[in-house]
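Q: File my_file_29.txt follows (compact mmCIF, C-alpha atoms):
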```
# COMPACT_ATOMS: atom_id res chain seq x y z
CA MET W 582 0.00 0.00 0.00
CA ILE W 583 1.23 3.48 -0.82
CA LEU W 584 1.48 5.91 2.07
CA LEU W 585 1.48 9.54 1.01
CA ALA W 586 4.23 11.75 2.44
CA TYR W 587 2.06 14.90 2.42
CA GLN W 588 -1.40 15.12 3.95
CA THR W 589 -3.87 17.50 2.33
CA PRO W 590 -4.86 20.33 4.69
CA ARG W 591 -8.50 20.74 5.67
CA GLU W 592 -8.55 24.08 3.81
CA TRP W 593 -8.63 22.14 0.55
CA VAL W 594 -12.17 20.94 1.39
CA ASP W 595 -13.17 24.54 2.12
CA ALA W 596 -11.87 25.62 -1.30
CA VAL W 597 -13.80 22.81 -3.01
CA ARG W 598 -17.04 23.55 -1.17
CA ALA W 599 -16.73 27.25 -2.02
CA ASP W 600 -16.66 26.47 -5.77
CA PHE W 601 -18.14 23.01 -6.09
CA ASP W 602 -19.16 23.37 -9.75
CA SER W 603 -15.57 24.12 -10.76
CA PHE W 604 -14.42 21.15 -8.73
CA LEU W 605 -16.94 18.90 -10.50
CA GLN W 606 -15.72 20.14 -13.89
CA ASP W 607 -12.13 19.39 -12.93
CA HIS W 608 -13.18 16.01 -11.51
CA ALA W 609 -14.91 15.11 -14.78
CA ALA W 610 -11.80 16.06 -16.77
CA ASN W 611 -9.64 13.89 -14.51
CA GLU W 612 -11.90 10.85 -14.90
CA ARG W 613 -11.87 11.23 -18.69
CA LYS W 614 -8.08 11.58 -18.75
CA ALA W 615 -7.66 8.54 -16.46
CA SER W 616 -9.74 6.43 -18.84
CA ALA W 617 -7.73 7.61 -21.86
CA ALA W 618 -4.42 7.01 -20.06
CA ALA W 619 -5.43 3.44 -19.18
CA ILE W 620 -6.30 2.71 -22.81
CA GLN W 621 -3.07 4.29 -24.03
CA MET W 622 -0.98 2.23 -21.60
CA ALA W 623 -2.82 -0.96 -22.60
CA VAL W 624 -2.05 -0.33 -26.27
CA GLN W 625 1.59 0.58 -25.61
CA HIS W 626 2.14 -2.59 -23.56
CA HIS W 627 -0.05 -4.96 -25.59
CA ASP W 628 2.54 -7.69 -25.08
CA ILE W 629 1.65 -8.05 -21.37
CA PRO W 630 -1.87 -9.60 -21.39
CA PRO W 631 -2.56 -9.36 -17.62
CA LEU W 632 -1.71 -5.66 -17.75
CA VAL W 633 -3.90 -5.10 -20.80
CA ASP W 634 -6.82 -6.97 -19.23
CA ALA W 635 -6.61 -4.90 -16.04
CA LEU W 636 -6.25 -1.59 -17.87
CA VAL W 637 -9.14 -2.21 -20.25
CA GLU W 638 -11.36 -2.95 -17.24
CA LEU W 639 -10.06 0.16 -15.46
CA ALA W 640 -10.67 2.36 -18.51
CA GLY W 641 -14.32 1.35 -18.51
CA GLU W 642 -14.70 2.06 -14.80
CA GLU W 643 -13.04 5.48 -15.13
CA MET W 644 -15.33 6.34 -18.05
CA ASP W 645 -18.32 5.32 -15.94
CA HIS W 646 -17.11 7.72 -13.22
CA PHE W 647 -16.85 10.43 -15.88
CA ARG W 648 -20.45 9.74 -16.90
CA GLN W 649 -21.60 9.94 -13.29
CA VAL W 650 -19.85 13.27 -12.71
CA TYR W 651 -21.29 14.57 -15.97
CA GLU W 652 -24.79 13.63 -14.78
CA ILE W 653 -24.20 15.55 -11.54
CA LEU W 654 -23.06 18.57 -13.56
CA ARG W 655 -26.20 18.37 -15.72
CA GLU W 656 -28.40 18.17 -12.62
CA ARG W 657 -26.71 21.35 -11.41
CA ASP W 658 -27.25 23.05 -14.82
CA THR W 659 -23.50 23.20 -15.30
CA GLY W 660 -21.55 22.00 -18.34
CA LEU W 661 -18.27 20.19 -18.57
CA GLY W 662 -16.27 23.39 -18.79
CA GLN W 663 -13.05 24.08 -20.61
CA ASP W 664 -10.37 21.49 -20.10
CA SER W 665 -7.02 22.86 -18.97
CA PRO W 666 -3.64 21.31 -18.21
CA ASP W 667 -3.20 19.92 -14.71
CA PRO W 668 0.05 21.29 -13.22
CA TYR W 669 0.17 18.43 -10.72
CA MET W 670 0.01 15.77 -13.41
CA THR W 671 2.42 17.65 -15.68
CA LYS W 672 5.05 17.84 -12.93
CA LEU W 673 4.45 14.28 -11.78
CA HIS W 674 4.81 12.98 -15.35
CA GLY W 675 8.15 14.80 -15.42
CA ALA W 676 9.39 12.37 -12.75
CA ILE W 677 8.78 9.37 -15.00
CA ARG W 678 12.00 7.90 -16.37
CA LYS W 679 11.84 7.53 -20.13
CA GLN W 680 15.25 6.11 -21.09
CA ALA W 681 14.41 2.40 -20.77
CA LYS W 682 11.05 0.86 -21.61
CA SER W 683 11.00 -1.11 -18.35
CA ASP W 684 11.75 1.99 -16.23
CA PHE W 685 9.07 3.89 -18.14
CA LEU W 686 6.44 1.22 -17.45
CA LEU W 687 7.40 0.83 -13.79
CA ASP W 688 7.30 4.58 -13.18
CA ARG W 689 3.98 5.00 -14.97
CA LEU W 690 2.38 2.25 -12.91
CA LEU W 691 3.70 3.73 -9.68
CA VAL W 692 2.80 7.32 -10.60
CA PHE W 693 -0.74 6.20 -11.39
CA SER W 694 -0.85 4.37 -8.07
CA ILE W 695 0.23 7.55 -6.26
CA VAL W 696 -2.34 9.63 -8.16
CA GLU W 697 -5.04 7.15 -7.16
CA ALA W 698 -3.81 7.32 -3.54
CA ARG W 699 -4.11 11.11 -3.64
CA GLY W 700 -7.61 10.82 -5.12
CA CYS W 701 -8.54 8.34 -2.40
CA GLU W 702 -7.34 10.75 0.29
CA ARG W 703 -9.10 13.78 -1.15
CA PHE W 704 -12.37 12.10 -2.11
CA GLY W 705 -12.48 10.66 1.40
CA MET W 706 -11.98 14.10 2.92
CA LEU W 707 -14.73 15.50 0.73
CA ALA W 708 -17.12 12.63 1.50
CA ASP W 709 -16.57 13.19 5.23
CA ALA W 710 -17.40 16.89 4.84
CA LEU W 711 -20.59 16.47 2.81
CA GLU W 712 -24.04 16.16 4.33
CA GLU W 713 -25.89 12.86 4.05
CA GLY W 714 -27.28 12.42 0.56
CA PRO W 715 -26.40 11.33 -2.97
CA LEU W 716 -23.19 13.39 -3.24
CA LYS W 717 -21.82 12.00 0.01
CA THR W 718 -22.65 8.46 -1.14
CA PHE W 719 -21.05 9.10 -4.53
CA TYR W 720 -17.79 10.39 -3.05
CA THR W 721 -17.72 7.63 -0.44
CA ASP W 722 -18.02 5.07 -3.25
CA LEU W 723 -15.32 6.88 -5.25
CA THR W 724 -13.00 6.77 -2.26
CA ARG W 725 -13.30 2.98 -2.26
CA ALA W 726 -12.76 2.84 -6.03
CA GLU W 727 -9.62 4.97 -5.80
CA ALA W 728 -8.28 2.66 -3.08
CA ARG W 729 -8.87 -0.35 -5.37
CA HIS W 730 -7.17 1.43 -8.27
CA ARG W 731 -4.18 2.37 -6.10
CA GLY W 732 -3.83 -1.29 -5.17
CA LEU W 733 -4.27 -2.43 -8.77
CA PHE W 734 -1.38 -0.33 -10.07
CA THR W 735 0.89 -1.34 -7.21
CA ARG W 736 0.02 -5.02 -7.66
CA LEU W 737 0.66 -4.82 -11.41
CA ALA W 738 4.06 -3.24 -10.74
CA ARG W 739 4.96 -6.00 -8.25
CA ASP W 740 3.75 -8.71 -10.64
CA ILE W 741 5.90 -7.39 -13.49
CA PHE W 742 8.98 -6.13 -11.63
CA ASP W 743 11.11 -7.17 -8.68
CA PRO W 744 9.23 -6.18 -5.49
CA THR W 745 12.37 -4.69 -3.90
CA THR W 746 12.91 -2.45 -6.93
CA VAL W 747 9.25 -1.46 -6.80
CA ALA W 748 9.44 -0.59 -3.10
CA LYS W 749 12.52 1.59 -3.56
CA ARG W 750 11.05 3.43 -6.52
CA ILE W 751 7.75 4.02 -4.68
CA GLU W 752 9.66 5.75 -1.87
CA THR W 753 11.35 8.09 -4.34
CA LEU W 754 8.18 8.91 -6.26
CA VAL W 755 6.11 9.47 -3.10
CA GLU W 756 8.66 12.08 -1.96
CA ILE W 757 8.59 13.77 -5.36
CA GLU W 758 4.79 13.82 -5.32
CA ALA W 759 4.74 15.34 -1.83
CA LYS W 760 6.93 18.25 -2.94
CA ILE W 761 4.77 18.81 -6.03
CA ILE W 762 1.40 18.78 -4.24
CA ALA W 763 2.64 20.85 -1.28
CA ALA W 764 3.79 23.61 -3.65
CA LEU W 765 0.44 23.89 -5.45
CA PRO W 766 -2.25 26.32 -4.27
CA LEU W 767 -5.31 24.91 -2.52
CA GLN W 768 -8.14 25.38 -4.98
CA ALA W 769 -11.35 23.76 -6.22
CA THR W 770 -9.54 21.06 -8.18
CA LEU W 771 -8.75 17.45 -7.44
CA HIS W 772 -5.01 18.10 -7.48
```
Kindly return the structure encoded in the file as structure tokens.

A:
Amino acid sequence: MILLAYQTPREWVDAVRADFDSFLQDHAANERKASAAAIQMAVQHHDIPPLVDALVELAGEEMDHFRQVYEILRERDTGLGQDSPDPYMTKLHGAIRKQAKSDFLLDRLLVFSIVEARGCERFGMLADALEEGPLKTFYTDLTRAEARHRGLFTRLARDIFDPTTVAKRIETLVEIEAKIIAALPLQATLH
């Protein structure tokens, strides 16, 4: 299991609640991008059937989350909004080693696991702060899904690579992620 080195401050929830529609738009964009990234990784690593099987399944689940967020936006008479680059993801992708194909795959799996861990943390914080009702239930369910996804990426990494190598690289990437997320402003976005 990945343990994050930086804990999101409570003020993040306040920022989200103050501009919930913007948060939902950002959330929708992140779900869509997660689905696309899973498909892209499956195609790039088509020679590893267990990886492809897991990523195809994940892509469908992420697209279903996108659909659910979109339905919430429609209920609120809000559209998807303009998609914009995510500084968190841009900087985190910069930590991925690209020289060797195996390093590239390992780092991508672990970065996605860390991103899912961050989503699990933040969706859980949001679910705890919401009043009883459909939104609270939705974000509680998403917290569980993010935890499963975090575990999926870590398990895939350990199945494909030496577990000691995986553990060492996780430590490095978790520290990099902590510095990235701590430097970003708290705003109504997932990251």

Q: Between W:Arg699, W:Arg736, W:Lys749, W:Arg729, which residue has the minimum interatomic distance to Met670 (chain W), considering only C-alpha atoms?

A: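 Nearest candidate to Met670 (chain W) out of W:Arg699, W:Arg736, W:Lys749, W:Arg729: W:Arg699.
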
Q: Mind giving me the straight-line distance from CA of Ala708 (chain W) to CA of Thr721 (chain W) in Å, one decimal?

A: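 Pair CA of Ala708 (chain W) / CA of Thr721 (chain W) returns 5.4 Å.
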
Q: What lies within 12 Å of Leu771 (chain W) using all atoms listed in the file, ignoring chain neighbours under 5 positions off, as a VMD selection string?

A: chain W and resid 589 593 to 594 596 to 597 601 603 to 612 667 to 670 696 to 707 762 765 to 766

Q: Deliver the residues from the most recent selection as a file, using C-alpha atoms, as a short mmCIF file (atom, residue, chain, number, x, y, z; two decimals), keeping the file's coordinate frame.

A:
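Okay, part-v9.cif is ready:
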```cif
data_model
loop_
_atom_site.label_atom_id
_atom_site.label_comp_id
_atom_site.auth_asym_id
_atom_site.auth_seq_id
_atom_site.Cartn_x
_atom_site.Cartn_y
_atom_site.Cartn_z
CA THR W 589 -3.87 17.50 2.33
CA TRP W 593 -8.63 22.14 0.55
CA VAL W 594 -12.17 20.94 1.39
CA ALA W 596 -11.87 25.62 -1.30
CA VAL W 597 -13.80 22.81 -3.01
CA PHE W 601 -18.14 23.01 -6.09
CA SER W 603 -15.57 24.12 -10.76
CA PHE W 604 -14.42 21.15 -8.73
CA LEU W 605 -16.94 18.90 -10.50
CA GLN W 606 -15.72 20.14 -13.89
CA ASP W 607 -12.13 19.39 -12.93
CA HIS W 608 -13.18 16.01 -11.51
CA ALA W 609 -14.91 15.11 -14.78
CA ALA W 610 -11.80 16.06 -16.77
CA ASN W 611 -9.64 13.89 -14.51
CA GLU W 612 -11.90 10.85 -14.90
CA ASP W 667 -3.20 19.92 -14.71
CA PRO W 668 0.05 21.29 -13.22
CA TYR W 669 0.17 18.43 -10.72
CA MET W 670 0.01 15.77 -13.41
CA VAL W 696 -2.34 9.63 -8.16
CA GLU W 697 -5.04 7.15 -7.16
CA ALA W 698 -3.81 7.32 -3.54
CA ARG W 699 -4.11 11.11 -3.64
CA GLY W 700 -7.61 10.82 -5.12
CA CYS W 701 -8.54 8.34 -2.40
CA GLU W 702 -7.34 10.75 0.29
CA ARG W 703 -9.10 13.78 -1.15
CA PHE W 704 -12.37 12.10 -2.11
CA GLY W 705 -12.48 10.66 1.40
CA MET W 706 -11.98 14.10 2.92
CA LEU W 707 -14.73 15.50 0.73
CA ILE W 762 1.40 18.78 -4.24
CA LEU W 765 0.44 23.89 -5.45
CA PRO W 766 -2.25 26.32 -4.27
#
```

Q: Mind running region 615-707 of chain W against region 752-761 of chain W at 7 Å and telling me each contacting residue's nearest atom pair with the distance in Å (one decimal), counting only C-alpha atoms, chain and number ascending, as JSON lines?

A:
```
{"residue": "W:Tyr669", "atom": "CA", "partner": "W:Ile761", "partner_atom": "CA", "distance": 6.6}
{"residue": "W:Lys672", "atom": "CA", "partner": "W:Ile761", "partner_atom": "CA", "distance": 7.0}
{"residue": "W:Leu673", "atom": "CA", "partner": "W:Glu758", "partner_atom": "CA", "distance": 6.5}
{"residue": "W:Ile695", "atom": "CA", "partner": "W:Val755", "partner_atom": "CA", "distance": 6.9}
```

Q: Go ahead and save the picked residues with C-alpha atoms, as a tab-separated table (two decimals), keeping the file's coordinate frame.

A:
```tsv
chain	number	residue	atom	x	y	z
W	669	TYR	CA	0.17	18.43	-10.72
W	672	LYS	CA	5.05	17.84	-12.93
W	673	LEU	CA	4.45	14.28	-11.78
W	695	ILE	CA	0.23	7.55	-6.26
```

Q: Just give me the gap between CA of His627 (chain W) and CA of Ile741 (chain W) in Å, one decimal is fine.

A: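 So the answer is 13.7 Å.
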
Q: At a cut-off of 9 Å, using all atoms listed in the file, what residues contact Phe693 (chain W)? Leave out same-chain residues fewer than 6 positions from it and give the result as a PyMOL selection string.

A: chain W and resi 615+730-731+734-735

Q: Between W:Ala640, W:Ile629, W:Met622, W:Val692, which is the closest to Thr671 (chain W) once you count only C-alpha atoms?

A: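 Smallest distance to Thr671 (chain W) is found for W:Val692.
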
Q: Choose the residue, out of W:Glu727, W:Asp740, W:Glu656, W:Asp688, that has the smallest atom-to-atom separation from Pro715 (chain W); count all atoms listed in the file.

A: W:Glu656
